[in-house]
Amino acid sequence: MTRIVHLSAEAFRALADGDVAAAGKAGPVAVSEWLAAPENSGVWRMRLEQARNDPGSEAWTTGIVWDPVRGKAVGRAGFHAPPDAEGMVEIGYAIDPEFRRQGYARAALESLLARAKADPSVRRIRVSISPDNLASRNLALPYGFEQVGEQWDEEDGLEIVYELACP
């Protein structure tokens, strides 16, 4: 069963620096070259800053999507931050291109949804998806997400914002 393994500030730093060996030593599982690639360094830098400012956030933010059967890291997933004052969390995930179309994104999304729904402090779950990312939109929308607006992301450009109320 695929799971999300959360990381420490030390692991975030190593991944942001592109140091696979140090990240593997700092974290509970081995990491891949893809996770330490430049395309992911911005995420790891943001998570490192969060961990420095709020050590408790590590348990909520981006971790490794781990396949214990293969013994491999297949992506990254987590929330952008712990629940905010209004009880909102935002999901983020990316799967290594080598492992896409194998159910890992769905498994990560379902794991994050289950965690959010089980926490009484969470009242809304958000995903922000680029209008041309049909795969992510087709993955998320069947879970009941509804469009609530648009936003401009400095890294990703225009995103459509979807939210789901938690019971």
# chains A, B, ... in the order shown; residues from 1 in each chain; ligands from 1
>>> select_by_dssp(residues="range 36-98 of chain A", states="strand (DSSP E)", output="ChimeraX atom specification")
/A:63-67,72-79,88-95
>>> write_last_selection(atoms="all heavy atoms", output="short mmCIF file (atom, residue, chain, number, x, y, z; two decimals), in the first residue's frame")
data_model
loop_
_atom_site.label_atom_id
_atom_site.label_comp_id
_atom_site.auth_asym_id
_atom_site.auth_seq_id
_atom_site.Cartn_x
_atom_site.Cartn_y
_atom_site.Cartn_z
N GLY A 63 5.71 15.32 1.60
CA GLY A 63 6.52 14.16 1.94
C GLY A 63 6.76 13.32 0.69
O GLY A 63 6.42 13.72 -0.42
N ILE A 64 7.30 12.17 0.91
CA ILE A 64 7.63 11.24 -0.18
C ILE A 64 6.46 10.27 -0.38
O ILE A 64 5.96 9.68 0.58
CB ILE A 64 8.89 10.42 0.17
CG1 ILE A 64 10.07 11.34 0.50
CG2 ILE A 64 9.23 9.43 -0.93
CD1 ILE A 64 10.54 12.20 -0.61
N VAL A 65 6.05 10.10 -1.64
CA VAL A 65 5.09 9.04 -1.96
C VAL A 65 5.93 7.78 -2.09
O VAL A 65 6.79 7.67 -2.97
CB VAL A 65 4.31 9.34 -3.26
CG1 VAL A 65 3.34 8.19 -3.56
CG2 VAL A 65 3.57 10.66 -3.15
N TRP A 66 5.69 6.85 -1.18
CA TRP A 66 6.53 5.66 -1.05
C TRP A 66 5.75 4.40 -1.41
O TRP A 66 4.64 4.18 -0.90
CB TRP A 66 7.05 5.57 0.39
CG TRP A 66 7.91 4.39 0.66
CD1 TRP A 66 7.57 3.26 1.36
CD2 TRP A 66 9.27 4.19 0.23
NE1 TRP A 66 8.64 2.39 1.39
CE2 TRP A 66 9.69 2.94 0.70
CE3 TRP A 66 10.15 4.97 -0.52
CZ2 TRP A 66 10.97 2.44 0.46
CZ3 TRP A 66 11.43 4.47 -0.77
CH2 TRP A 66 11.83 3.23 -0.27
N ASP A 67 6.33 3.59 -2.28
CA ASP A 67 5.75 2.29 -2.63
C ASP A 67 6.57 1.23 -1.90
O ASP A 67 7.69 0.91 -2.31
CB ASP A 67 5.81 2.06 -4.13
CG ASP A 67 5.20 0.72 -4.56
OD1 ASP A 67 5.08 -0.20 -3.71
OD2 ASP A 67 4.85 0.59 -5.74
N LYS A 72 10.48 1.93 -3.36
CA LYS A 72 10.90 3.10 -4.11
C LYS A 72 10.07 4.33 -3.79
O LYS A 72 8.87 4.23 -3.54
CB LYS A 72 10.77 2.85 -5.61
CG LYS A 72 11.75 1.84 -6.16
CD LYS A 72 11.62 1.77 -7.66
CE LYS A 72 12.60 0.76 -8.19
NZ LYS A 72 13.70 1.34 -8.87
N ALA A 73 10.74 5.47 -3.85
CA ALA A 73 10.05 6.76 -3.81
C ALA A 73 9.54 7.02 -5.22
O ALA A 73 10.31 6.95 -6.18
CB ALA A 73 11.02 7.85 -3.38
N VAL A 74 8.23 7.29 -5.34
CA VAL A 74 7.63 7.46 -6.66
C VAL A 74 7.09 8.87 -6.89
O VAL A 74 6.57 9.16 -7.97
CB VAL A 74 6.53 6.41 -6.90
CG1 VAL A 74 7.12 4.99 -6.87
CG2 VAL A 74 5.40 6.54 -5.88
N GLY A 75 7.20 9.73 -5.90
CA GLY A 75 6.72 11.10 -6.05
C GLY A 75 6.76 11.85 -4.74
O GLY A 75 7.37 11.40 -3.77
N ARG A 76 6.07 12.99 -4.75
CA ARG A 76 5.95 13.80 -3.53
C ARG A 76 4.50 14.23 -3.39
O ARG A 76 3.80 14.44 -4.39
CB ARG A 76 6.87 15.02 -3.58
CG ARG A 76 6.65 15.93 -4.75
CD ARG A 76 7.58 17.15 -4.69
NE ARG A 76 7.61 17.90 -5.93
CZ ARG A 76 6.69 18.77 -6.33
NH1 ARG A 76 5.64 19.02 -5.58
NH2 ARG A 76 6.81 19.39 -7.48
N ALA A 77 4.04 14.34 -2.16
CA ALA A 77 2.66 14.75 -1.91
C ALA A 77 2.53 15.23 -0.47
O ALA A 77 3.28 14.81 0.41
CB ALA A 77 1.70 13.59 -2.15
N GLY A 78 1.56 16.09 -0.27
CA GLY A 78 1.27 16.59 1.07
C GLY A 78 0.39 17.81 0.97
O GLY A 78 -0.18 18.11 -0.08
N PHE A 79 0.28 18.50 2.06
CA PHE A 79 -0.48 19.74 2.10
C PHE A 79 0.51 20.89 2.03
O PHE A 79 1.67 20.74 2.40
CB PHE A 79 -1.31 19.82 3.38
CG PHE A 79 -2.30 18.69 3.49
CD1 PHE A 79 -2.03 17.59 4.28
CD2 PHE A 79 -3.49 18.74 2.79
CE1 PHE A 79 -2.94 16.54 4.38
CE2 PHE A 79 -4.40 17.70 2.88
CZ PHE A 79 -4.13 16.59 3.67
N MET A 88 -8.75 25.38 6.50
CA MET A 88 -8.50 25.00 5.12
C MET A 88 -7.10 24.42 4.97
O MET A 88 -6.15 24.93 5.56
CB MET A 88 -8.68 26.21 4.20
CG MET A 88 -8.84 25.85 2.73
SD MET A 88 -7.30 25.70 1.80
CE MET A 88 -6.66 27.34 1.89
N VAL A 89 -7.00 23.35 4.17
CA VAL A 89 -5.71 22.79 3.76
C VAL A 89 -5.72 22.69 2.24
O VAL A 89 -6.77 22.51 1.63
CB VAL A 89 -5.43 21.40 4.38
CG1 VAL A 89 -5.18 21.50 5.88
CG2 VAL A 89 -6.52 20.40 4.05
N GLU A 90 -4.53 22.82 1.65
CA GLU A 90 -4.42 22.70 0.20
C GLU A 90 -3.50 21.53 -0.14
O GLU A 90 -2.40 21.43 0.38
CB GLU A 90 -3.90 23.97 -0.45
CG GLU A 90 -3.87 23.87 -1.95
CD GLU A 90 -3.66 25.19 -2.66
OE1 GLU A 90 -3.63 26.25 -2.01
OE2 GLU A 90 -3.52 25.16 -3.90
N ILE A 91 -3.98 20.69 -1.02
CA ILE A 91 -3.25 19.49 -1.45
C ILE A 91 -2.31 19.85 -2.59
O ILE A 91 -2.65 20.61 -3.48
CB ILE A 91 -4.25 18.41 -1.93
CG1 ILE A 91 -5.01 17.84 -0.72
CG2 ILE A 91 -3.56 17.32 -2.72
CD1 ILE A 91 -6.11 16.88 -1.10
N GLY A 92 -1.13 19.24 -2.54
CA GLY A 92 -0.18 19.33 -3.65
C GLY A 92 0.48 17.98 -3.84
O GLY A 92 0.74 17.27 -2.87
N TYR A 93 0.72 17.60 -5.09
CA TYR A 93 1.39 16.34 -5.36
C TYR A 93 2.04 16.38 -6.74
O TYR A 93 1.64 17.16 -7.60
CB TYR A 93 0.42 15.15 -5.27
CG TYR A 93 -0.70 15.21 -6.29
CD1 TYR A 93 -0.55 14.70 -7.56
CD2 TYR A 93 -1.91 15.80 -5.96
CE1 TYR A 93 -1.57 14.77 -8.49
CE2 TYR A 93 -2.93 15.88 -6.87
CZ TYR A 93 -2.76 15.36 -8.14
OH TYR A 93 -3.77 15.45 -9.06
N ALA A 94 3.04 15.56 -6.91
CA ALA A 94 3.68 15.36 -8.21
C ALA A 94 4.28 13.96 -8.20
O ALA A 94 4.91 13.55 -7.22
CB ALA A 94 4.77 16.40 -8.45
N ILE A 95 4.06 13.25 -9.27
CA ILE A 95 4.58 11.89 -9.39
C ILE A 95 5.72 11.89 -10.40
O ILE A 95 5.65 12.55 -11.45
CB ILE A 95 3.45 10.92 -9.84
CG1 ILE A 95 2.28 10.95 -8.85
CG2 ILE A 95 3.99 9.50 -10.01
CD1 ILE A 95 2.61 10.57 -7.42
#
>>> residues_around(residues="Ala30 in chain A", least_positions_apart="2", cutoff="10 Å", atoms="only C-alpha atoms", output="list in words")
Val20, Ala21, Ala22, Ala23, Gly24, Lys25, Ala26, Gly27, Pro28, Ser32, Ile64, Trp66, Gly71, Lys72 and Ala73 of chain A
>>> write_last_selection(atoms="N, CA and C atoms", output="PDB file, in the first residue's frame")
ATOM      1  N   VAL A  20      21.053  13.685  -3.057  1.00  0.00           N
ATOM      2  CA  VAL A  20      20.284  12.454  -2.863  1.00  0.00           C
ATOM      3  C   VAL A  20      20.810  11.651  -1.670  1.00  0.00           C
ATOM      4  N   ALA A  21      22.116  11.518  -1.561  1.00  0.00           N
ATOM      5  CA  ALA A  21      22.700  10.725  -0.471  1.00  0.00           C
ATOM      6  C   ALA A  21      22.354  11.320   0.892  1.00  0.00           C
ATOM      7  N   ALA A  22      22.516  12.634   1.040  1.00  0.00           N
ATOM      8  CA  ALA A  22      22.210  13.276   2.323  1.00  0.00           C
ATOM      9  C   ALA A  22      20.723  13.199   2.630  1.00  0.00           C
ATOM     10  N   ALA A  23      19.883  13.350   1.608  1.00  0.00           N
ATOM     11  CA  ALA A  23      18.439  13.263   1.824  1.00  0.00           C
ATOM     12  C   ALA A  23      18.052  11.858   2.275  1.00  0.00           C
ATOM     13  N   GLY A  24      18.660  10.863   1.701  1.00  0.00           N
ATOM     14  CA  GLY A  24      18.384   9.481   2.106  1.00  0.00           C
ATOM     15  C   GLY A  24      18.807   9.211   3.540  1.00  0.00           C
ATOM     16  N   LYS A  25      19.907   9.802   3.952  1.00  0.00           N
ATOM     17  CA  LYS A  25      20.373   9.629   5.337  1.00  0.00           C
ATOM     18  C   LYS A  25      19.495  10.390   6.320  1.00  0.00           C
ATOM     19  N   ALA A  26      18.988  11.546   5.896  1.00  0.00           N
ATOM     20  CA  ALA A  26      18.184  12.396   6.783  1.00  0.00           C
ATOM     21  C   ALA A  26      16.739  11.917   6.881  1.00  0.00           C
ATOM     22  N   GLY A  27      16.281  11.196   5.895  1.00  0.00           N
ATOM     23  CA  GLY A  27      14.890  10.771   5.876  1.00  0.00           C
ATOM     24  C   GLY A  27      14.718   9.302   6.199  1.00  0.00           C
ATOM     25  N   PRO A  28      13.476   8.901   6.390  1.00  0.00           N
ATOM     26  CA  PRO A  28      13.191   7.512   6.754  1.00  0.00           C
ATOM     27  C   PRO A  28      13.198   6.538   5.574  1.00  0.00           C
ATOM     28  N   SER A  32      14.747   9.476  -4.627  1.00  0.00           N
ATOM     29  CA  SER A  32      15.156   9.274  -6.018  1.00  0.00           C
ATOM     30  C   SER A  32      15.877  10.504  -6.550  1.00  0.00           C
ATOM     31  N   ILE A  64       7.299  12.166   0.907  1.00  0.00           N
ATOM     32  CA  ILE A  64       7.625  11.237  -0.178  1.00  0.00           C
ATOM     33  C   ILE A  64       6.465  10.266  -0.375  1.00  0.00           C
ATOM     34  N   TRP A  66       5.694   6.845  -1.185  1.00  0.00           N
ATOM     35  CA  TRP A  66       6.534   5.659  -1.049  1.00  0.00           C
ATOM     36  C   TRP A  66       5.747   4.402  -1.406  1.00  0.00           C
ATOM     37  N   GLY A  71       9.786  -0.722  -2.902  1.00  0.00           N
ATOM     38  CA  GLY A  71      10.859  -0.130  -2.117  1.00  0.00           C
ATOM     39  C   GLY A  71      11.402   1.117  -2.782  1.00  0.00           C
ATOM     40  N   LYS A  72      10.476   1.932  -3.359  1.00  0.00           N
ATOM     41  CA  LYS A  72      10.903   3.104  -4.113  1.00  0.00           C
ATOM     42  C   LYS A  72      10.067   4.330  -3.785  1.00  0.00           C
ATOM     43  N   ALA A  73      10.738   5.472  -3.855  1.00  0.00           N
ATOM     44  CA  ALA A  73      10.052   6.756  -3.814  1.00  0.00           C
ATOM     45  C   ALA A  73       9.541   7.016  -5.220  1.00  0.00           C
TER      46      ALA A  73
END
>>> select_by_dssp(residues="range 12-164 of chain A", states="helix (DSSP H, G or I)", output="ChimeraX atom specification")
/A:12-16,20-26,38-53,55-59,97-99,104-118,134-143
>>> residues_around(residues="Ser136 in chain A", least_positions_apart="6", cutoff="12 Å", atoms="only C-alpha atoms", output="list in words")
Ile91, Gly92, Tyr93, Ala94, Ile95, Arg100, Arg101, Ala105, Arg106, Leu109, Val127, Ser128, Ile129, Ser130, Pro142, Tyr143, Phe145, Glu159, Ile160 and Tyr162 of chain A
>>> residues_around(residues="Pro131 in chain A", least_positions_apart="6", cutoff="12 Å", atoms="only C-alpha atoms", output="PyMOL selection string")
chain A and resi 137-138+147+149-152+156-162
>>> closest_residue(among="A:Met1, A:Leu15, A:Val69, A:Ala108", to="Val43 in chain A", atoms="only C-alpha atoms")
A:Leu15
>>> atom_distance(atom1="CA of Asp54 in chain A", atom2="CA of Ala37 in chain A")
25.2 Å
>>> closest_residue(among="A:Tyr104, A:Arg115, A:Glu33, A:Glu39", to="Trp60 in chain A", atoms="only C-alpha atoms")
A:Arg115
